[in-house]
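upload29.cif follows (mmCIF, C-alpha atoms):
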```
data_model
#
loop_
_atom_site.label_atom_id
_atom_site.label_comp_id
_atom_site.auth_asym_id
_atom_site.auth_seq_id
_atom_site.Cartn_x
_atom_site.Cartn_y
_atom_site.Cartn_z
CA MET A 259 -14.68 5.08 -13.71
CA LYS A 260 -14.71 8.65 -14.88
CA GLY A 261 -14.09 11.89 -13.05
CA PRO A 262 -12.54 12.51 -9.65
CA VAL A 263 -14.15 9.48 -7.98
CA GLY A 264 -13.04 7.19 -10.81
CA PHE A 265 -9.54 8.64 -10.63
CA GLY A 266 -9.32 7.95 -6.89
CA LYS A 267 -10.65 4.41 -7.21
CA LEU A 268 -8.27 3.65 -10.10
CA VAL A 269 -5.23 4.94 -8.22
CA ASN A 270 -6.27 2.89 -5.18
CA LEU A 271 -6.80 -0.21 -7.34
CA LEU A 272 -3.53 0.13 -9.26
CA MET A 273 -1.45 1.01 -6.21
CA ASN A 274 -2.75 -1.91 -4.19
CA LEU A 275 -2.36 -4.38 -7.06
CA ALA A 276 1.31 -3.44 -7.27
CA MET A 277 1.97 -2.86 -3.58
CA GLY A 278 0.24 -6.07 -2.54
CA LEU A 279 2.47 -8.06 -4.87
CA ILE A 280 5.71 -6.29 -3.97
CA VAL A 281 5.12 -6.36 -0.20
CA SER A 282 4.05 -10.02 -0.36
CA ILE A 283 7.18 -11.02 -2.26
CA ALA A 284 9.38 -9.04 0.16
CA VAL A 285 7.84 -10.77 3.21
CA LEU A 286 8.09 -14.19 1.57
CA LEU A 287 11.75 -13.58 0.70
CA SER A 288 12.61 -12.31 4.17
CA SER A 289 10.94 -15.32 5.80
CA GLY A 290 12.70 -17.81 3.55
CA ALA A 291 9.49 -19.11 1.97
CA PRO A 292 9.71 -20.47 -1.57
CA LEU A 293 8.52 -18.12 -4.30
CA ASN A 294 5.95 -20.01 -6.33
CA ASP A 295 2.30 -19.66 -7.23
CA VAL A 296 1.21 -21.49 -4.06
CA THR A 297 2.85 -18.86 -1.84
CA ILE A 298 2.67 -15.70 -3.94
CA VAL A 299 -0.96 -15.77 -5.12
CA PRO A 300 -2.66 -16.09 -1.69
CA ALA A 301 -0.26 -13.58 -0.10
CA TRP A 302 -0.81 -11.09 -2.92
CA LEU A 303 -4.58 -11.58 -2.95
CA SER A 304 -4.98 -10.99 0.79
CA SER A 305 -2.62 -7.99 0.65
CA PHE A 306 -4.52 -6.49 -2.28
CA VAL A 307 -7.95 -6.94 -0.67
CA LEU A 308 -6.79 -5.49 2.66
CA GLY A 309 -5.05 -2.53 1.03
CA TYR A 310 -7.85 -1.74 -1.42
CA ALA A 311 -10.49 -1.86 1.32
CA ALA A 312 -8.36 0.38 3.56
CA GLY A 313 -7.89 2.87 0.72
CA ASP A 314 -11.60 2.85 -0.07
CA ILE A 315 -12.75 3.32 3.53
CA VAL A 316 -10.27 5.96 4.74
CA PRO A 317 -9.56 9.09 2.64
CA ILE A 318 -5.83 8.61 3.13
CA SER A 319 -4.87 10.31 -0.13
CA LYS A 320 -6.76 13.45 0.84
CA TRP A 321 -5.12 13.47 4.28
CA CYS A 322 -1.65 12.91 2.83
CA ASN A 323 -2.09 15.68 0.27
CA SER A 324 -3.31 18.05 2.99
CA ALA A 325 -0.35 17.23 5.25
CA ALA A 326 2.09 17.60 2.37
CA ALA A 327 0.62 20.97 1.39
CA HIS A 328 1.19 22.29 4.92
CA VAL A 329 4.73 20.97 5.32
CA SER A 330 6.30 21.05 1.85
CA ARG A 331 6.15 24.84 1.32
CA GLY A 332 5.67 24.39 -2.41
CA SER A 333 8.41 21.83 -3.01
CA ARG A 334 7.00 19.02 -5.14
CA ILE A 335 9.80 16.65 -4.13
CA ILE A 336 9.19 17.16 -0.41
CA ALA A 337 5.44 16.82 -0.96
CA HIS A 338 5.95 13.55 -2.84
CA LEU A 339 8.22 12.19 -0.09
CA ILE A 340 5.73 13.12 2.64
CA ILE A 341 2.84 11.56 0.74
CA SER A 342 4.92 8.42 0.08
CA LEU A 343 5.92 8.16 3.73
CA PHE A 344 2.38 8.54 5.07
CA MET A 345 0.75 6.30 2.46
CA GLY A 346 3.46 3.66 2.77
CA ILE A 347 3.12 3.54 6.54
CA TYR A 348 -0.69 3.45 6.38
CA PHE A 349 -1.04 0.78 3.70
CA GLY A 350 1.94 -1.21 4.97
CA MET A 351 0.56 -1.39 8.51
CA VAL A 352 -2.96 -2.29 7.35
CA ILE A 353 -1.62 -5.03 5.07
CA LEU A 354 0.74 -6.34 7.74
CA ALA A 355 -1.85 -6.30 10.53
CA GLY A 356 -4.45 -8.06 8.38
CA ASN A 357 -2.02 -10.65 7.06
CA SER A 358 -0.66 -11.25 10.57
CA ILE A 359 -4.16 -12.22 11.68
CA ILE A 360 -4.91 -14.21 8.52
CA ASN A 361 -1.64 -16.16 8.59
CA ALA A 362 -0.84 -16.60 12.28
CA LEU A 363 -4.14 -16.77 14.17
CA PRO A 364 -5.55 -20.00 12.69
CA GLY A 365 -2.47 -22.03 13.66
CA GLY A 366 -1.66 -20.31 16.91
CA ASP A 367 -2.87 -17.57 19.18
CA TRP A 368 -2.51 -13.82 19.49
CA LEU A 369 1.12 -14.28 20.52
CA ALA A 370 1.75 -15.83 17.09
CA VAL A 371 0.01 -12.85 15.47
CA GLY A 372 2.21 -10.42 17.39
CA SER A 373 5.32 -12.41 16.57
CA PHE A 374 4.49 -12.45 12.85
CA PHE A 375 3.76 -8.71 12.95
CA ILE A 376 6.95 -7.75 14.77
CA SER A 377 9.17 -10.02 12.69
CA ASN A 378 7.93 -8.41 9.46
CA ILE A 379 7.38 -4.77 10.44
CA VAL A 380 10.68 -3.38 9.13
CA THR A 381 10.47 -5.31 5.85
CA VAL A 382 6.91 -4.17 5.22
CA LEU A 383 7.45 -0.53 6.19
CA VAL A 384 10.54 -0.09 4.05
CA THR A 385 9.04 -1.97 1.10
CA ALA A 386 5.71 -0.12 1.26
CA VAL A 387 7.23 3.37 1.54
CA VAL A 388 9.73 2.75 -1.27
CA THR A 389 7.03 1.17 -3.45
CA VAL A 390 4.69 4.14 -3.01
CA CYS A 391 7.55 6.55 -3.68
CA ILE A 392 8.40 4.82 -6.96
CA ILE A 393 5.00 3.91 -8.40
CA LEU A 394 2.54 6.55 -7.12
CA GLN A 395 3.13 9.09 -9.88
CA PRO A 396 3.06 6.60 -12.79
CA MET A 397 -0.17 5.12 -11.38
CA GLN A 398 -1.69 8.60 -11.08
CA ILE A 399 -0.75 9.44 -14.66
CA PHE A 400 -2.26 6.18 -15.90
CA ALA A 401 -5.44 6.70 -13.84
CA ALA A 402 -5.76 10.28 -15.14
CA LYS A 403 -5.69 9.03 -18.74
CA ILE A 404 -8.35 6.39 -18.08
CA SER A 405 -10.64 8.51 -15.88
CA GLY A 406 -10.29 11.73 -17.83
CA PHE A 407 -9.60 13.60 -14.58
CA ASN A 408 -6.23 15.03 -13.65
CA PRO A 409 -6.03 16.63 -10.19
CA ASN A 410 -2.91 18.55 -11.21
CA GLU A 411 -4.74 20.55 -13.89
#
```

Show me, as structure tokens, the structure contained in the file I just sent.
Amino acid sequence: MKGPVGFGKLVNLLMNLAMGLIVSIAVLLSSGAPLNDVTIVPAWLSSFVLGYAAGDIVPISKWCNSAAAHVSRGSRIIAHLIISLFMGIYFGMVILAGNSIINALPGGDWLAVGSFFISNIVTVLVTAVVTVCIILQPMQIFAAKISGFNPNE
């Protein structure tokens, strides 16, 4: 995992490991489910797999950086907030949509999927955007050290 490709894959991996866990715990807490290994591990695993796959398939980081460059006018803080907003919405919605299908469809129908989605949309969006805002830069720094590639240099 060296170079620009390794950097991108590491950031995607690290972000989705953390975001999958944090979003899963937030949804479990908001739904009143007990927090134990039986609830957290499957929720985190499905969230991680969905998020990592979505980050690997769609060049969301490239799109976010491009949008931020056009809007931020050189302000690093505004750029970071725009990137966090777009990435949080993208990953949050992918994770929520996938988990809605995984959790609600086997025991119900598409109405159950929609109900699960709508009842968790605010929790997931807020949690995902805040999580990206807080942990994106530390994950990028860590990935740059491991991959030997720093996009800021």

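Going from atom CA of Met277 of chain A to atom CA of Pro300 of chain A covers 14.1 Å.
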
Could you spell out the hits of the PyMOL selection byres ((chain A and resi 299) around 12) on the shown file, as number ranges by chain? A: 275, 278-280, 282-283, 286, 293-298, 300-306

Set the distance at 8 Å and use all atoms listed in the file: which residues neighbour segment 334-339 of chain A once local chain neighbours fewer than 6 positions away are removed? I'd like the list as a PyMOL selection string. chain A and resi 323+326-327+391

Store the residues picked out above in a file with C-alpha atoms, as a PDB file, in the frame of the given file.
```
ATOM      1  CA  ASN A 323      -2.090  15.680   0.270  1.00  0.00           C
ATOM      2  CA  ALA A 326       2.090  17.600   2.370  1.00  0.00           C
ATOM      3  CA  ALA A 327       0.620  20.970   1.390  1.00  0.00           C
ATOM      4  CA  CYS A 391       7.550   6.550  -3.680  1.00  0.00           C
TER       5      CYS A 391
END
```

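For Val380 of chain A, the set of protein, DNA and RNA residues having any atom at most 12 Å away, when counting all atoms listed in the file and skipping those fewer than 3 positions along the same chain, is A:Val281, A:Ala284, A:Val285, A:Ser288, A:Gly346, A:Ile347, A:Gly350, A:Met351, A:Leu354, A:Phe374, A:Phe375, A:Ile376, A:Ser377, A:Leu383, A:Val384, A:Thr385, A:Ala386, A:Val387.
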
Atom CA of Ser358 of chain A to atom CA of Ala311 of chain A: how many Å, to one decimal?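 Calculated distance between atom CA of Ser358 of chain A and atom CA of Ala311 of chain A is 16.4 Å.
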
Which one of A:Phe400, A:Ala325, A:Ile353, A:Ile360 sits closest to Leu268 of chain A if you count all atoms listed in the file? A:Phe400

Residues matched by the PyMOL selection byres ((chain A and resi 406) around 9), written as a list in words: Met259, Lys260, Gly261, Pro262, Gly264, Phe265, Ala401, Ala402, Lys403, Ile404, Ser405, Phe407 and Asn408 of chain A

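Atom CA of Leu394 of chain A sits 10.1 Å away from atom CA of Ala276 of chain A.
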
Between A:Ser324, A:Ser330, A:Ile340, A:Glu411, which one has atoms that come closest to Ile399 of chain A, using all atoms listed in the file?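 Nearest candidate to Ile399 of chain A out of A:Ser324, A:Ser330, A:Ile340, A:Glu411: A:Glu411.
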
With all atoms listed in the file as the atoms that count, which of A:Phe349, A:Arg331, A:Pro409, A:Trp321 lies nearest to Val263 of chain A?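 Smallest separation from Val263 of chain A among the options: A:Pro409.
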
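Shortest atom-to-atom contact with Ser319 of chain A among A:Gly266, A:Pro292, A:Gly366, A:Gly356: A:Gly266, counting all atoms listed in the file.
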
What's the 8 Å shell around Val352 of chain A, counting all atoms listed in the file, without same-chain residues fewer than 4 positions away, as number ranges by chain? A: 308-309, 312, 348, 356
